[in-house]
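Okay, start.pdb now, which holds PDB, C-alpha atoms:
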ATOM      1  CA  ALA A 206       0.000   0.000   0.000
ATOM      2  CA  CYS A 207       0.965   3.648  -0.380
ATOM      3  CA  PRO A 208       0.038   6.714   1.675
ATOM      4  CA  ASN A 209      -2.968   8.822   0.695
ATOM      5  CA  VAL A 210      -0.951  11.866  -0.317
ATOM      6  CA  GLY A 211      -4.014  13.917  -1.242
ATOM      7  CA  LEU A 212      -5.533  13.490   2.214
ATOM      8  CA  LEU A 213      -2.246  14.256   3.948
ATOM      9  CA  ARG A 214      -1.712  17.415   1.883
ATOM     10  CA  SER A 215      -5.196  18.659   2.766
ATOM     11  CA  ARG A 216      -4.519  18.169   6.474
ATOM     12  CA  TYR A 217      -0.912  19.394   6.457
ATOM     13  CA  PRO A 218      -0.651  21.885   3.558
ATOM     14  CA  GLY A 219       2.753  23.204   4.635
ATOM     15  CA  ILE A 220       4.515  19.848   4.273
ATOM     16  CA  ALA A 221       5.956  18.674   0.950
ATOM     17  CA  VAL A 222       4.714  15.472  -0.689
ATOM     18  CA  GLU A 223       8.269  14.098  -0.716
ATOM     19  CA  THR A 224       8.373  14.431   3.062
ATOM     20  CA  PHE A 225       5.217  12.345   3.508
ATOM     21  CA  ILE A 226       6.555   9.631   1.203
ATOM     22  CA  SER A 227       9.944   9.592   2.932
ATOM     23  CA  ILE A 228       8.398   9.303   6.409
ATOM     24  CA  TYR A 229       6.090   6.531   5.230
ATOM     25  CA  SER A 230       8.928   4.577   3.582
ATOM     26  CA  GLN A 231      11.102   4.823   6.681
ATOM     27  CA  GLU A 232       8.286   3.666   8.962
ATOM     28  CA  ILE A 233       7.635   0.671   6.697
ATOM     29  CA  GLN A 234      11.353  -0.135   6.714
ATOM     30  CA  TYR A 235      11.522  -0.057  10.517
ATOM     31  CA  LYS A 236       8.453  -2.275  10.732
ATOM     32  CA  VAL A 237       9.983  -4.784   8.296
ATOM     33  CA  ILE A 238      13.257  -4.882  10.243
ATOM     34  CA  LYS A 239      11.344  -5.775  13.415
ATOM     35  CA  SER A 240       9.035  -8.382  11.873
ATOM     36  CA  ASN A 241      11.059  -9.908   9.033
ATOM     37  CA  HIS A 242      12.288 -12.872  11.076
ATOM     38  CA  ILE A 243       8.710 -13.759  12.038
ATOM     39  CA  HIS A 244       7.439 -13.690   8.464
ATOM     40  CA  LYS A 245      10.497 -15.521   7.179
ATOM     41  CA  SER A 246       9.743 -18.415   9.545
ATOM     42  CA  ARG A 247       6.140 -18.581   8.265
ATOM     43  CA  VAL A 248       6.854 -18.321   4.534
ATOM     44  CA  GLU A 249       5.793 -21.944   3.878
ATOM     45  CA  GLU A 250       2.416 -21.192   5.440
ATOM     46  CA  TYR A 251       2.005 -18.057   3.322
ATOM     47  CA  LEU A 252       3.034 -19.919   0.174
ATOM     48  CA  ALA A 253       0.513 -22.678   0.885
ATOM     49  CA  ARG A 254      -2.238 -20.081   1.325
ATOM     50  CA  TYR A 255      -1.263 -18.387  -1.917
ATOM     51  CA  MET A 256      -1.104 -21.642  -3.872
ATOM     52  CA  ALA A 257      -4.515 -22.531  -2.477
ATOM     53  CA  GLY A 258      -5.879 -19.442  -4.201
ATOM     54  CA  GLU A 259      -5.634 -16.596  -1.667
ATOM     55  CA  ASP A 260      -5.078 -13.222  -3.335
ATOM     56  CA  LEU A 261      -1.528 -11.907  -2.958
ATOM     57  CA  LEU A 262      -2.464  -8.336  -2.075
ATOM     58  CA  LEU A 263      -5.119  -9.437   0.423
ATOM     59  CA  LEU A 264      -2.646 -11.868   1.987
ATOM     60  CA  SER A 265      -0.078  -9.079   2.236
ATOM     61  CA  ALA A 266      -2.606  -6.821   3.956
ATOM     62  CA  ALA A 267      -3.729  -9.605   6.308
ATOM     63  CA  ILE A 268      -0.212 -10.264   7.601
ATOM     64  CA  ASN A 269       0.814  -6.575   7.418
ATOM     65  CA  PHE A 270       3.902  -7.189   5.292
ATOM     66  CA  PRO A 271       4.886  -5.443   2.011
ATOM     67  CA  CYS A 272       3.571  -7.412  -0.961
ATOM     68  CA  CYS A 273       6.803  -7.290  -3.011
ATOM     69  CA  LEU A 274       8.821  -8.524  -0.059
ATOM     70  CA  LEU A 275       6.250 -11.237   0.634
ATOM     71  CA  LEU A 276       6.353 -12.345  -3.004
ATOM     72  CA  ARG A 277      10.167 -12.385  -2.919
ATOM     73  CA  ARG A 278      10.147 -14.673   0.128
ATOM     74  CA  MET A 279       7.608 -17.010  -1.450
ATOM     75  CA  LEU A 280       9.518 -17.163  -4.736
ATOM     76  CA  GLU A 281      12.713 -17.959  -2.829
ATOM     77  CA  SER A 282      10.920 -20.891  -1.204
ATOM     78  CA  LEU A 283       9.216 -22.049  -4.400
ATOM     79  CA  LEU A 284      12.038 -21.660  -6.903
ATOM     80  CA  ARG A 285      15.077 -22.205  -4.634
ATOM     81  CA  VAL A 286      17.375 -20.131  -6.817
ATOM     82  CA  HIS A 287      19.835 -17.390  -6.043
ATOM     83  CA  LYS A 288      18.661 -13.976  -4.867
ATOM     84  CA  GLN A 289      19.726 -12.301  -8.104
ATOM     85  CA  SER A 290      17.449 -14.591 -10.092
ATOM     86  CA  ILE A 291      14.530 -13.591  -7.863
ATOM     87  CA  SER A 292      15.390  -9.910  -8.345
ATOM     88  CA  ASP A 293      15.478 -10.419 -12.100
ATOM     89  CA  VAL A 294      12.047 -12.059 -12.034
ATOM     90  CA  LEU A 295      10.552  -9.226  -9.971
ATOM     91  CA  ARG A 296      11.835  -6.765 -12.572
ATOM     92  CA  ASN A 297      10.768  -8.916 -15.510
ATOM     93  CA  PRO A 298       8.050 -11.543 -14.856
ATOM     94  CA  SER A 299       8.474 -12.915 -18.396
ATOM     95  CA  LEU A 300      11.537 -14.732 -17.029
ATOM     96  CA  LEU A 301       9.385 -16.957 -14.807
ATOM     97  CA  PRO A 302       8.825 -19.682 -17.468
ATOM     98  CA  THR A 303      12.591 -20.283 -17.547
ATOM     99  CA  LEU A 304      12.520 -21.236 -13.857
ATOM    100  CA  LEU A 305       9.354 -23.330 -13.828
ATOM    101  CA  ASP A 306       8.174 -26.524 -15.514
ATOM    102  CA  VAL A 307       4.720 -25.900 -16.942
ATOM    103  CA  ASP A 308       2.572 -29.033 -16.707
ATOM    104  CA  ASP A 309      -1.223 -28.697 -16.750
ATOM    105  CA  SER A 310      -1.636 -32.178 -15.266
ATOM    106  CA  CYS A 311       0.087 -31.233 -12.021
ATOM    107  CA  ASN A 312      -1.133 -29.828  -8.729
ATOM    108  CA  PRO A 313       1.396 -27.073  -7.939
ATOM    109  CA  ALA A 314       1.064 -27.466  -4.187
ATOM    110  CA  GLN A 315       1.951 -31.142  -4.462
ATOM    111  CA  GLN A 316       4.590 -30.870  -7.162
ATOM    112  CA  ARG A 317       6.852 -28.336  -5.469
ATOM    113  CA  ASN A 318       9.698 -29.929  -3.580
ATOM    114  CA  PRO A 319       8.795 -29.417   0.110
ATOM    115  CA  GLY A 320      11.691 -31.488   1.354
ATOM    116  CA  ALA A 321      14.437 -29.103   0.197
ATOM    117  CA  SER A 322      15.944 -26.778   2.752
ATOM    118  CA  PRO A 323      14.605 -23.210   2.496
ATOM    119  CA  GLY A 324      16.773 -20.348   1.369
ATOM    120  CA  PRO A 325      17.546 -18.316  -1.726
ATOM    121  CA  SER A 326      20.932 -19.913  -2.331
ATOM    122  CA  SER A 327      19.789 -23.537  -2.480
ATOM    123  CA  GLN A 328      18.439 -25.485  -5.445
ATOM    124  CA  ALA A 329      16.778 -28.860  -5.481
ATOM    125  CA  THR A 330      18.911 -31.207  -7.553
ATOM    126  CA  SER A 331      18.151 -34.536  -9.126
ATOM    127  CA  GLY A 332      18.955 -36.649 -12.131
ATOM    128  CA  GLU A 333      22.146 -36.973 -14.093
ATOM    129  CA  GLY A 334      24.841 -34.506 -13.164
ATOM    130  CA  GLY A 335      22.737 -33.069 -10.345
ATOM    131  CA  ALA A 336      20.816 -30.802 -12.722
ATOM    132  CA  PRO A 337      18.359 -28.409 -11.042
ATOM    133  CA  VAL A 338      14.764 -29.582 -10.956
ATOM    134  CA  LYS A 339      12.273 -26.881 -11.887
ATOM    135  CA  PRO A 340       9.073 -26.796  -9.791
ATOM    136  CA  ALA A 341       6.129 -28.119 -11.810
ATOM    137  CA  VAL A 342       3.180 -25.735 -12.077
ATOM    138  CA  SER A 343       0.117 -25.400 -14.273
ATOM    139  CA  ALA A 344      -0.103 -22.813 -17.041
ATOM    140  CA  HIS A 345      -2.884 -21.116 -15.072
ATOM    141  CA  PHE A 346      -0.707 -20.804 -11.965
ATOM    142  CA  LEU A 347       2.189 -19.445 -14.033
ATOM    143  CA  ALA A 348      -0.043 -16.780 -15.578
ATOM    144  CA  ARG A 349      -1.389 -15.863 -12.138
ATOM    145  CA  LEU A 350       2.119 -15.634 -10.708
ATOM    146  CA  GLN A 351       3.311 -13.399 -13.560
ATOM    147  CA  LEU A 352       0.309 -11.135 -13.097
ATOM    148  CA  ASP A 353       0.946 -10.898  -9.358
ATOM    149  CA  VAL A 354       4.567  -9.896  -9.936
ATOM    150  CA  ALA A 355       3.262  -6.945 -11.953
ATOM    151  CA  ARG A 356       0.477  -6.185  -9.453
ATOM    152  CA  SER A 357       2.823  -6.166  -6.483
ATOM    153  CA  SER A 358       5.252  -3.860  -8.275
ATOM    154  CA  LEU A 359       2.479  -1.323  -8.799
ATOM    155  CA  ALA A 360       0.996  -1.701  -5.293
ATOM    156  CA  ASP A 361       4.187  -1.602  -3.212
ATOM    157  CA  CYS A 362       5.764   1.856  -3.039
ATOM    158  CA  SER A 363       8.512   0.785  -0.626
ATOM    159  CA  TYR A 364      10.032  -2.498  -1.846
ATOM    160  CA  SER A 365       9.120  -2.779  -5.533
ATOM    161  CA  PRO A 366      11.694  -2.454  -8.341
ATOM    162  CA  TYR A 367      10.014   0.839  -9.253
ATOM    163  CA  ALA A 368      10.501   2.101  -5.689
ATOM    164  CA  ASP A 369      14.191   1.112  -5.785
ATOM    165  CA  ILE A 370      14.686   3.015  -9.041
ATOM    166  CA  ALA A 371      12.843   6.054  -7.661
ATOM    167  CA  LYS A 372      14.994   6.104  -4.511
ATOM    168  CA  GLN A 373      18.225   5.823  -6.488
ATOM    169  CA  ALA A 374      17.141   8.508  -8.960
ATOM    170  CA  THR A 375      16.075  10.843  -6.155
ATOM    171  CA  GLY A 376      19.400  10.406  -4.378
ATOM    172  CA  VAL A 377      21.323  11.241  -7.559
ATOM    173  CA  GLU A 378      19.015  14.186  -8.303
ATOM    174  CA  PHE A 379      19.734  15.855  -4.971
ATOM    175  CA  GLU A 380      23.456  15.126  -5.134
ATOM    176  CA  LEU A 381      23.490  16.973  -8.465
ATOM    177  CA  LEU A 382      21.423  19.766  -6.900
ATOM    178  CA  LEU A 383      23.999  20.101  -4.127
ATOM    179  CA  ALA A 384      26.805  20.415  -6.689
ATOM    180  CA  GLU A 385      24.802  23.052  -8.590
ATOM    181  CA  LYS A 386      24.173  25.035  -5.398
ATOM    182  CA  LEU A 387      27.854  24.938  -4.473
ATOM    183  CA  LYS A 388      28.934  26.208  -7.879
ATOM    184  CA  ALA A 389      26.261  28.934  -7.880
ATOM    185  CA  ALA A 390      27.581  30.107  -4.508
ATOM    186  CA  GLY A 391      31.107  30.274  -5.898
ATOM    187  CA  LEU A 392      32.186  27.157  -3.987
ATOM    188  CA  ASP A 393      33.356  25.132  -6.971
ATOM    189  CA  TYR A 394      36.574  24.002  -5.270
ATOM    190  CA  PHE A 395      35.462  20.642  -3.847
ATOM    191  CA  TRP A 396      36.060  16.925  -4.229
ATOM    192  CA  THR A 397      33.123  14.657  -5.055
ATOM    193  CA  GLU A 398      32.581  11.208  -3.584
ATOM    194  CA  ASP A 399      34.155   9.653  -6.689
ATOM    195  CA  ASP A 400      37.164  11.971  -6.407
ATOM    196  CA  LEU A 401      37.722  10.922  -2.797
ATOM    197  CA  ARG A 402      37.441   7.220  -3.612
ATOM    198  CA  ASN A 403      39.964   7.647  -6.411
ATOM    199  CA  GLN A 404      42.270   9.162  -3.792
ATOM    200  CA  GLY A 405      41.950   5.996  -1.708
ATOM    201  CA  TYR A 406      39.348   7.081   0.862
ATOM    202  CA  TYR A 407      36.837   4.429   1.906
ATOM    203  CA  LYS A 408      34.261   6.395   3.916
ATOM    204  CA  THR A 409      33.315   9.418   1.843
ATOM    205  CA  PRO A 410      30.702  12.186   2.100
ATOM    206  CA  ASP A 411      29.104  13.514  -1.086
ATOM    207  CA  VAL A 412      31.327  16.611  -1.036
ATOM    208  CA  ARG A 413      34.574  17.506   0.701
ATOM    209  CA  LEU A 414      35.446  21.179   0.444
ATOM    210  CA  GLN A 415      39.034  21.915  -0.538
ATOM    211  CA  VAL A 416      38.807  25.096   1.555
ATOM    212  CA  PRO A 417      36.525  25.050   4.653
ATOM    213  CA  ILE A 418      33.626  27.483   4.914
ATOM    214  CA  ALA A 419      31.581  28.886   7.799
ATOM    215  CA  VAL A 420      27.808  28.396   7.903
ATOM    216  CA  ARG A 421      25.492  30.305  10.215
ATOM    217  CA  ASP A 422      23.497  27.926  12.402
ATOM    218  CA  LYS A 423      20.045  29.318  13.161
ATOM    219  CA  ARG A 424      18.701  26.241  14.906
ATOM    220  CA  ALA A 425      17.682  26.589  18.556
ATOM    221  CA  HIS A 426      19.679  23.817  20.208
ATOM    222  CA  PRO A 427      22.152  23.440  23.123
ATOM    223  CA  HIS A 428      25.145  24.319  20.967
ATOM    224  CA  GLY A 429      23.862  27.872  20.462
ATOM    225  CA  ASP A 430      23.210  30.168  17.502
ATOM    226  CA  GLY A 431      26.366  31.065  15.638
ATOM    227  CA  TRP A 432      28.830  30.254  12.898
ATOM    228  CA  ARG A 433      29.956  26.700  12.341
ATOM    229  CA  ILE A 434      32.980  25.501  10.374
ATOM    230  CA  VAL A 435      32.076  23.082   7.563
ATOM    231  CA  THR A 436      34.657  20.930   5.771
ATOM    232  CA  TRP A 437      32.293  18.440   4.130
ATOM    233  CA  ILE A 438      28.614  18.196   3.094
ATOM    234  CA  ASP A 439      26.432  15.117   2.767
ATOM    235  CA  SER A 440      23.172  15.130   0.802
ATOM    236  CA  LYS A 441      20.297  13.032   2.162
ATOM    237  CA  ALA A 442      17.124  12.791   0.081
ATOM    238  CA  THR A 443      15.237  11.538   3.141
ATOM    239  CA  PHE A 444      13.439  12.781   6.239
ATOM    240  CA  GLY A 445      15.676  13.030   9.297
ATOM    241  CA  ASP A 446      14.232  11.330  12.368
ATOM    242  CA  ASP A 447      15.983  10.096  15.505
ATOM    243  CA  ARG A 448      16.408   6.518  14.309
ATOM    244  CA  THR A 449      17.689   7.455  10.860
ATOM    245  CA  HIS A 450      20.067  10.121  12.123
ATOM    246  CA  THR A 451      21.463   8.005  14.969
ATOM    247  CA  LYS A 452      22.111   5.069  12.633
ATOM    248  CA  GLN A 453      23.702   7.292   9.986
ATOM    249  CA  TYR A 454      25.813   9.048  12.621
ATOM    250  CA  GLU A 455      27.207   5.762  13.897
ATOM    251  CA  GLU A 456      27.851   4.356  10.410
ATOM    252  CA  GLN A 457      28.890   7.484   8.490
ATOM    253  CA  TYR A 458      28.904  10.927  10.082
ATOM    254  CA  SER A 459      31.202  10.139  13.018
ATOM    255  CA  THR A 460      33.707   8.688  10.552
ATOM    256  CA  TYR A 461      33.564  11.823   8.418
ATOM    257  CA  VAL A 462      34.181  14.000  11.495
ATOM    258  CA  ASN A 463      37.154  11.890  12.566
ATOM    259  CA  ARG A 464      38.729  11.981   9.084
ATOM    260  CA  TYR A 465      37.762  15.357   7.664
ATOM    261  CA  GLY A 466      36.546  17.539  10.535
ATOM    262  CA  PRO A 467      33.137  19.173  11.146
ATOM    263  CA  GLY A 468      30.497  19.003   8.437
ATOM    264  CA  LEU A 469      26.951  19.678   7.266
ATOM    265  CA  ILE A 470      24.089  17.237   6.641
ATOM    266  CA  ILE A 471      21.260  18.377   4.378
ATOM    267  CA  TYR A 472      18.044  16.440   4.934
ATOM    268  CA  TRP A 473      16.217  17.724   1.850
ATOM    269  CA  PHE A 474      12.864  16.358   3.021
ATOM    270  CA  ASP A 475      13.148  18.057   6.423
ATOM    271  CA  PHE A 476      13.809  16.646   9.909
ATOM    272  CA  ILE A 477      12.269  16.714  13.378
ATOM    273  CA  GLU A 478      12.803  19.991  15.223
ATOM    274  CA  ASP A 479      14.487  18.525  18.302
ATOM    275  CA  LEU A 480      16.786  16.178  16.393
ATOM    276  CA  ASP A 481      19.869  15.726  18.571
ATOM    277  CA  THR A 482      23.218  15.862  16.874
ATOM    278  CA  ASP A 483      26.927  16.201  17.527
ATOM    279  CA  ALA A 484      28.376  19.706  17.883
ATOM    280  CA  GLU A 485      30.587  18.865  14.887
ATOM    281  CA  VAL A 486      27.656  17.881  12.652
ATOM    282  CA  MET A 487      25.362  20.691  11.528
ATOM    283  CA  ILE A 488      21.881  19.886  10.142
ATOM    284  CA  MET A 489      19.810  21.815   7.593
ATOM    285  CA  ASN A 490      16.876  21.067   5.258
ATOM    286  CA  ARG A 491      18.221  23.177   2.359
ATOM    287  CA  PHE A 492      21.405  24.664   1.007
ATOM    288  CA  PRO A 493      22.515  27.721   3.043
ATOM    289  CA  ASP A 494      21.491  31.161   1.770
ATOM    290  CA  ALA A 495      24.167  33.681   0.770
ATOM    291  CA  ASP A 496      23.926  35.528   4.116
ATOM    292  CA  GLU A 497      24.480  32.228   5.922
ATOM    293  CA  LEU A 498      27.783  31.507   4.178
ATOM    294  CA  ALA A 499      31.247  32.880   4.838
ATOM    295  CA  GLN A 500      34.217  31.899   2.695
ATOM    296  CA  LEU A 501      37.720  32.971   1.911
ATOM    297  CA  THR A 502      37.797  35.505  -0.905
ATOM    298  CA  SER A 503      41.412  34.689  -1.767
ATOM    299  CA  LEU A 504      44.277  32.447  -0.677
TER
END
Take the structure in the file and give it back as structure tokens.
Amino acid sequence: ACPNVGLLRSRYPGIAVETFISIYSQEIQYKVIKSNHIHKSRVEEYLARYMAGEDLLLLSAAINFPCCLLLRRMLESLLRVHKQSISDVLRNPSLLPTLLDVDDSCNPAQQRNPGASPGPSSQATSGEGGAPVKPAVSAHFLARLQLDVARSSLADCSYSPYADIAKQATGVEFELLLAEKLKAAGLDYFWTEDDLRNQGYYKTPDVRLQVPIAVRDKRAHPHGDGWRIVTWIDSKATFGDDRTHTKQYEEQYSTYVNRYGPGLIIYWFDFIEDLDTDAEVMIMNRFPDADELAQLTSL
């Protein structure tokens, strides 16, 4: 399912659509992290219900689990192929016939190999040379499965291939926007993430300034209202909440501070007002205005 953006905009007109979508996606992700192990242990039950005729989207809603992720788990159990093959099928359901044996005389629930150990990396083997055995399904079941791959991709705005593409494209879009803003402000002396990796750095922000700047911090927080030194900037096309920021700080920001010095995080889709952060990590929801920037005019 996806959030009712129209209803949310009518109730909260001052909040951008991208912010609603980002908050929703993050909440779904946190919910999946907490419940994934439970659903993974029940995938055989879900697959049996689906093969008995239960609608995929209704099943997804009943167990409160994203439909694309549910379908991925069921395909892993049914097909017993590598994860990449499952990903390929979710992007292109026309590949399904290459992984299944279509036989109209079979009962799919009986023909699948229930004795094989579950997991995306295993394949049932039999016959000469240990060749993989394709699960036998009817033509009707194959057509239904292909249709449900397409349906789940359209219905799931968090874990579908379309959602993955949208997230990647949005991230790139705002990284390019950051570079444009820097150049427009006369700050075109910086290293990109690719530049830093070519120099041998492993943990890299989106931008490292070759000459540090000062940015005026107007947030009301314990560190006060004043100028902050910025040596690097990281672009985040997400909403900044406590869980996201804490995780990113532990995995990324603290490393940037230790290696490059103090920096700036831009959460383009806003952040909670009382978001706690390190004194060396400044937070904004946009690129600083001209009166909020101070830079060296010459070297």
Evaluated on this file, the PyMOL selection byres ((chain A and resi 370-385) around 9) picks out some residues - which ones are they, written as a VMD selection string?
chain A and resid 365 to 369 386 to 390 393 397 411 to 412 438 to 443 473 492
Mind dumping the selected residues with C-alpha atoms as a PDB file, keeping the file's coordinate frame?
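What landed in out_17.pdb:
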ATOM      1  CA  SER A 365       9.120  -2.779  -5.533  1.00  0.00           C
ATOM      2  CA  PRO A 366      11.694  -2.454  -8.341  1.00  0.00           C
ATOM      3  CA  TYR A 367      10.014   0.839  -9.253  1.00  0.00           C
ATOM      4  CA  ALA A 368      10.501   2.101  -5.689  1.00  0.00           C
ATOM      5  CA  ASP A 369      14.191   1.112  -5.785  1.00  0.00           C
ATOM      6  CA  LYS A 386      24.173  25.035  -5.398  1.00  0.00           C
ATOM      7  CA  LEU A 387      27.854  24.938  -4.473  1.00  0.00           C
ATOM      8  CA  LYS A 388      28.934  26.208  -7.879  1.00  0.00           C
ATOM      9  CA  ALA A 389      26.261  28.934  -7.880  1.00  0.00           C
ATOM     10  CA  ALA A 390      27.581  30.107  -4.508  1.00  0.00           C
ATOM     11  CA  ASP A 393      33.356  25.132  -6.971  1.00  0.00           C
ATOM     12  CA  THR A 397      33.123  14.657  -5.055  1.00  0.00           C
ATOM     13  CA  ASP A 411      29.104  13.514  -1.086  1.00  0.00           C
ATOM     14  CA  VAL A 412      31.327  16.611  -1.036  1.00  0.00           C
ATOM     15  CA  ILE A 438      28.614  18.196   3.094  1.00  0.00           C
ATOM     16  CA  ASP A 439      26.432  15.117   2.767  1.00  0.00           C
ATOM     17  CA  SER A 440      23.172  15.130   0.802  1.00  0.00           C
ATOM     18  CA  LYS A 441      20.297  13.032   2.162  1.00  0.00           C
ATOM     19  CA  ALA A 442      17.124  12.791   0.081  1.00  0.00           C
ATOM     20  CA  THR A 443      15.237  11.538   3.141  1.00  0.00           C
ATOM     21  CA  TRP A 473      16.217  17.724   1.850  1.00  0.00           C
ATOM     22  CA  PHE A 492      21.405  24.664   1.007  1.00  0.00           C
TER      23      PHE A 492
END
Pairwise distance for atom CA of Asp422 of chain A and atom CA of Leu480 of chain A, rounded to one decimal in Å:
14.1 Å
Here's the selection I'm unsure about, the PyMOL selection byres ((chain A and resi 485-488) around 10); applied to the file above, which residues does it give, as an MDAnalysis selection string?
chainID A and resid 420:422 424 428 433:435 437:439 445 454 458:459 461:463 466:472 475:476 480:484 489:491
Calculate how many Å separate atom CA of His450 of chain A from atom CA of Val222 of chain A, rounding to one decimal.
20.7 Å
How many Å lie between atom CA of Lys423 of chain A and atom CA of Ile220 of chain A, rounded to one decimal?
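Calculated distance between atom CA of Lys423 of chain A and atom CA of Ile220 of chain A is 20.2 Å.
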Contacts of segment 226-242 of chain A at 10 Å (only C-alpha atoms; same-chain gap of 6+ positions) as a list in words:
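Near segment 226-242 of chain A, the qualifying residues are Cys207, Pro208, Asn209, Val210, Asn269, Phe270, Pro271, Leu274, Leu275, Cys362, Ser363, Tyr364, Ala368, Lys372, Ala442, Thr443, Phe444, Gly445, Asp446, Arg448, Thr449, Phe474, Asp475 and Phe476 of chain A.
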Selection dump of the PyMOL selection byres ((chain A and resi 263) around 12), as a count of residues only
23
For each of A:Ala419, A:Met256, A:Pro410, A:Ser343, take the minimum atom-to-atom distance to Gln453 of chain A, counting all atoms listed in the file, then give the residue where this is smallest.
A:Pro410
Just checking: using all atoms listed in the file, which residue out of A:Gln289, A:Gly211, A:Leu414, A:Leu284 ends up closest to Gln500 of chain A?
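Closest candidate: A:Leu414.
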Filled-in all heavy atoms of segment 283-289 of chain A, supplied as a PDB file, in the coordinates of the input:
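Listed below is the output, selection-v6.pdb:
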ATOM      1  N   LEU A 283       9.736 -21.246  -3.297  1.00  0.00           N
ATOM      2  CA  LEU A 283       9.216 -22.049  -4.400  1.00  0.00           C
ATOM      3  C   LEU A 283      10.287 -22.423  -5.407  1.00  0.00           C
ATOM      4  O   LEU A 283      10.405 -23.586  -5.813  1.00  0.00           O
ATOM      5  CB  LEU A 283       8.089 -21.278  -5.100  1.00  0.00           C
ATOM      6  CG  LEU A 283       7.508 -21.919  -6.363  1.00  0.00           C
ATOM      7  CD1 LEU A 283       6.804 -23.226  -6.014  1.00  0.00           C
ATOM      8  CD2 LEU A 283       6.545 -20.958  -7.060  1.00  0.00           C
ATOM      9  N   LEU A 284      11.082 -21.446  -5.818  1.00  0.00           N
ATOM     10  CA  LEU A 284      12.038 -21.660  -6.903  1.00  0.00           C
ATOM     11  C   LEU A 284      13.387 -22.175  -6.433  1.00  0.00           C
ATOM     12  O   LEU A 284      14.094 -22.864  -7.161  1.00  0.00           O
ATOM     13  CB  LEU A 284      12.239 -20.351  -7.677  1.00  0.00           C
ATOM     14  CG  LEU A 284      10.987 -19.723  -8.289  1.00  0.00           C
ATOM     15  CD1 LEU A 284      11.335 -18.405  -8.969  1.00  0.00           C
ATOM     16  CD2 LEU A 284      10.353 -20.687  -9.284  1.00  0.00           C
ATOM     17  N   ARG A 285      13.792 -21.789  -5.210  1.00  0.00           N
ATOM     18  CA  ARG A 285      15.077 -22.205  -4.634  1.00  0.00           C
ATOM     19  C   ARG A 285      16.235 -21.883  -5.573  1.00  0.00           C
ATOM     20  O   ARG A 285      17.032 -22.753  -5.934  1.00  0.00           O
ATOM     21  CB  ARG A 285      15.055 -23.683  -4.276  1.00  0.00           C
ATOM     22  CG  ARG A 285      13.864 -24.026  -3.380  1.00  0.00           C
ATOM     23  CD  ARG A 285      13.967 -25.364  -2.724  1.00  0.00           C
ATOM     24  NE  ARG A 285      12.748 -25.664  -1.984  1.00  0.00           N
ATOM     25  CZ  ARG A 285      12.452 -25.200  -0.786  1.00  0.00           C
ATOM     26  NH1 ARG A 285      13.291 -24.388  -0.177  1.00  0.00           N
ATOM     27  NH2 ARG A 285      11.332 -25.521  -0.184  1.00  0.00           N
ATOM     28  N   VAL A 286      16.289 -20.619  -5.976  1.00  0.00           N
ATOM     29  CA  VAL A 286      17.375 -20.131  -6.817  1.00  0.00           C
ATOM     30  C   VAL A 286      18.037 -18.965  -6.095  1.00  0.00           C
ATOM     31  O   VAL A 286      17.597 -18.541  -5.030  1.00  0.00           O
ATOM     32  CB  VAL A 286      16.866 -19.680  -8.204  1.00  0.00           C
ATOM     33  CG1 VAL A 286      16.331 -20.872  -8.983  1.00  0.00           C
ATOM     34  CG2 VAL A 286      15.803 -18.605  -8.074  1.00  0.00           C
ATOM     35  N   HIS A 287      19.096 -18.463  -6.688  1.00  0.00           N
ATOM     36  CA  HIS A 287      19.835 -17.390  -6.043  1.00  0.00           C
ATOM     37  C   HIS A 287      19.031 -16.093  -6.006  1.00  0.00           C
ATOM     38  O   HIS A 287      18.122 -15.872  -6.809  1.00  0.00           O
ATOM     39  CB  HIS A 287      21.168 -17.159  -6.770  1.00  0.00           C
ATOM     40  CG  HIS A 287      22.101 -18.318  -6.669  1.00  0.00           C
ATOM     41  ND1 HIS A 287      22.835 -18.573  -5.551  1.00  0.00           N
ATOM     42  CD2 HIS A 287      22.397 -19.306  -7.558  1.00  0.00           C
ATOM     43  CE1 HIS A 287      23.566 -19.655  -5.742  1.00  0.00           C
ATOM     44  NE2 HIS A 287      23.309 -20.126  -6.952  1.00  0.00           N
ATOM     45  N   LYS A 288      19.399 -15.224  -5.066  1.00  0.00           N
ATOM     46  CA  LYS A 288      18.661 -13.976  -4.867  1.00  0.00           C
ATOM     47  C   LYS A 288      18.606 -13.137  -6.137  1.00  0.00           C
ATOM     48  O   LYS A 288      17.605 -12.486  -6.419  1.00  0.00           O
ATOM     49  CB  LYS A 288      19.308 -13.162  -3.738  1.00  0.00           C
ATOM     50  CG  LYS A 288      19.054 -13.726  -2.349  1.00  0.00           C
ATOM     51  CD  LYS A 288      19.635 -12.796  -1.289  1.00  0.00           C
ATOM     52  CE  LYS A 288      19.330 -13.310   0.107  1.00  0.00           C
ATOM     53  NZ  LYS A 288      19.867 -12.410   1.159  1.00  0.00           N
ATOM     54  N   GLN A 289      19.690 -13.118  -6.894  1.00  0.00           N
ATOM     55  CA  GLN A 289      19.726 -12.301  -8.104  1.00  0.00           C
ATOM     56  C   GLN A 289      18.680 -12.765  -9.108  1.00  0.00           C
ATOM     57  O   GLN A 289      18.069 -11.953  -9.810  1.00  0.00           O
ATOM     58  CB  GLN A 289      21.121 -12.343  -8.732  1.00  0.00           C
ATOM     59  CG  GLN A 289      21.282 -11.409  -9.932  1.00  0.00           C
ATOM     60  CD  GLN A 289      20.957  -9.968  -9.592  1.00  0.00           C
ATOM     61  OE1 GLN A 289      21.486  -9.418  -8.632  1.00  0.00           O
ATOM     62  NE2 GLN A 289      20.083  -9.341 -10.370  1.00  0.00           N
TER      63      GLN A 289
END
